[in-house]
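**Q** Here's a structure for you.
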Amino acid sequence: MVQKRKNHLYNSNLDTSFTISRSKINLFLECPRCFYLDRKLGVARPGMPGWSLNSAVDRLLKNEFDLLRKNGESHQLMDQYKIDAVPFNHPDFSVWRDDSCRRVGATVLHKKTNLNINGIIDDIWINRKTKELHIVDYKATSTSQIISLEDEYKQGYKKQMEIYQWIFRQMGFNVSKTGYFLFANAGKNRPEFDGRLEFKTSILSYDGDDSWVEPAIFNIKKCLDSNKIPEAGEKCEYCSYIELVNHEK
């Protein structure tokens, strides 16, 4: 059942800042109509169940890198891929990663629109030579195909990375254009399950370009200030379904 949420909705008559998360920016890019209905009218898309196994892998990777973070040590994967970096240690790191589950993350105020832009990161590595920060995102999957970033749905991964890079640059950090995706790929070819999964880990680098982020924020502000529900995104399956149902009535 879809319910309207009256709290935390955008109101152009108020002077208080309004928070737009990284995921809501992606929602706007995918479908301005769904974004408007969600953020201004309180009608969200139907919910989806959580990905418990993915969350477990994510947590275990964080635990593994946190052990190295305390001692300023590199991970063997970094050495394998010739990444001269160590996990970044900062007093606010737990906030950026949202370890308290308060959905805060790394937050910066975009003063021209009075919108708080925030995102919850998986990890950050700091380059030992340049002292630049590398944004890192963990991804759990299970595929026999060669892992790449060229699949259509993975274009959202790139946008996600670029938003994080933009946020940390606005926070005053020296952020490298190069970010890393750490994939944990569960194998499916073992003769027996035996109550365990075996993962092969790999790293893909990506050179981000965050020049689109601020224009998107201005467009989001314009969308929220409008009293007209915008057009649906061309590839929005939710809106296409509703339009088809209405057409068949």
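Every chain in the structure tokens has a letter given in the order shown (A, B, ...), and although residue numbers restart at 1 in each chain, ligands are simply numbered from 1 in the order shown.
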Skip Cys223 of chain A itself and residues of its chain fewer than 2 positions away, then list as a list of chain:residue names all residues within 12 Å of it, counting only C-alpha atoms.
**A**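 Near Cys223 of chain A, the qualifying residues are A:Tyr10, A:Asn11, A:Ser12, A:Ile25, A:Phe28, A:Leu29, A:Cys31, A:Pro32, A:Arg33, A:Cys34, A:Phe35, A:Tyr36, A:Leu37, A:Arg39, A:Lys40, A:Thr113, A:Ala216, A:Ile217, A:Phe218, A:Asn219, A:Ile220, A:Lys221, A:Asp225, A:Ser226, A:Asn227, A:Lys228, A:Ile229, A:Pro230, A:Glu231.
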**Q** Using the selection just defined, write its residues with C-alpha atoms as a PDB file, in the first residue's frame.
**A**
```
ATOM      1  CA  TYR A  10       9.665  20.408   0.335  1.00  0.00           C
ATOM      2  CA  ASN A  11       7.880  23.694   0.994  1.00  0.00           C
ATOM      3  CA  SER A  12       8.979  26.700  -1.054  1.00  0.00           C
ATOM      4  CA  ILE A  25      19.429  13.119  -7.192  1.00  0.00           C
ATOM      5  CA  PHE A  28      15.473  13.066 -10.368  1.00  0.00           C
ATOM      6  CA  LEU A  29      17.802  12.149 -13.208  1.00  0.00           C
ATOM      7  CA  CYS A  31      12.341  10.522 -13.589  1.00  0.00           C
ATOM      8  CA  PRO A  32      11.510  14.141 -12.598  1.00  0.00           C
ATOM      9  CA  ARG A  33       7.866  13.160 -12.087  1.00  0.00           C
ATOM     10  CA  CYS A  34       8.637  10.407  -9.566  1.00  0.00           C
ATOM     11  CA  PHE A  35      11.065  12.775  -7.819  1.00  0.00           C
ATOM     12  CA  TYR A  36       8.435  15.544  -7.576  1.00  0.00           C
ATOM     13  CA  LEU A  37       5.779  13.165  -6.272  1.00  0.00           C
ATOM     14  CA  ARG A  39       9.894  15.012  -2.403  1.00  0.00           C
ATOM     15  CA  LYS A  40       7.040  17.510  -2.711  1.00  0.00           C
ATOM     16  CA  THR A 113      19.596  26.871  -3.739  1.00  0.00           C
ATOM     17  CA  ALA A 216      21.381  19.223 -11.783  1.00  0.00           C
ATOM     18  CA  ILE A 217      20.960  20.814  -8.344  1.00  0.00           C
ATOM     19  CA  PHE A 218      19.641  24.008  -9.959  1.00  0.00           C
ATOM     20  CA  ASN A 219      17.222  21.941 -12.029  1.00  0.00           C
ATOM     21  CA  ILE A 220      16.084  20.116  -8.902  1.00  0.00           C
ATOM     22  CA  LYS A 221      15.410  23.430  -7.178  1.00  0.00           C
ATOM     23  CA  ASP A 225       9.552  25.320  -6.763  1.00  0.00           C
ATOM     24  CA  SER A 226       7.141  24.561  -9.596  1.00  0.00           C
ATOM     25  CA  ASN A 227       3.442  23.971  -8.983  1.00  0.00           C
ATOM     26  CA  LYS A 228       3.234  21.711 -12.009  1.00  0.00           C
ATOM     27  CA  ILE A 229       4.004  18.004 -11.938  1.00  0.00           C
ATOM     28  CA  PRO A 230       6.796  17.459 -14.500  1.00  0.00           C
ATOM     29  CA  GLU A 231       6.877  14.995 -17.347  1.00  0.00           C
TER      30      GLU A 231
END
```
**Q** Kindly assemble as a tab-separated table a list of the segment 203-224 of chain A residues that lie within 10 Å of segment 129-149 of chain A, each paired with its nearest atom pair and their distance in Å to one decimal, using only C-alpha atoms, sorted first by chain and then by ascending residue number.
**A**
```
residue	atom	partner	partner_atom	distance
A:Ile203	CA	A:Tyr138	CA	9.3
A:Leu204	CA	A:Ser148	CA	7.5
A:Ser205	CA	A:Val136	CA	9.3
A:Tyr206	CA	A:Leu149	CA	8.5
```
**Q** Just list as a list in words whatever in segment 64-153 of chain A DSSP marks as strand (DSSP E).
**A**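 Of segment 64-153 of chain A, only Ala85, Val86, Pro87, Ala106, Thr107, Val108, Leu109, His110, Leu115, Asn116, Ile117, Asn118, Gly119, Asp123, Ile124, Trp125, Ile126, Asn127, Leu133, His134, Ile135, Val136, Asp137, Tyr138, Lys139, Ala140 and Thr141 of chain A fall in strand (DSSP E).
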**Q** Restricting the calculation to only C-alpha atoms: of A:Val57, A:Arg102, A:His90, A:Lys235, which residue gets closest to Asn185 of chain A?
**A**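 Counting only C-alpha atoms, the residue closest to Asn185 of chain A is A:Val57.
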**Q** Which residue is closest to Trp125 of chain A? Choose from A:Gly233, A:Pro87, A:Gly187, A:Gly42 and count only C-alpha atoms.
**A**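 Closest candidate: A:Pro87.
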**Q** What gap, in Å, lies between atom CA of Gly172 of chain A and atom CA of Ser17 of chain A?
**A**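 Interatomic distance here is 20.3 Å.
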**Q** I need the residue nearest Ser211 of chain A from this list: A:Arg169, A:Ser240, A:Lys62, A:Leu182. Use only C-alpha atoms for the distance.
**A**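 Using only C-alpha atoms, the shortest distance to Ser211 of chain A belongs to A:Arg169.
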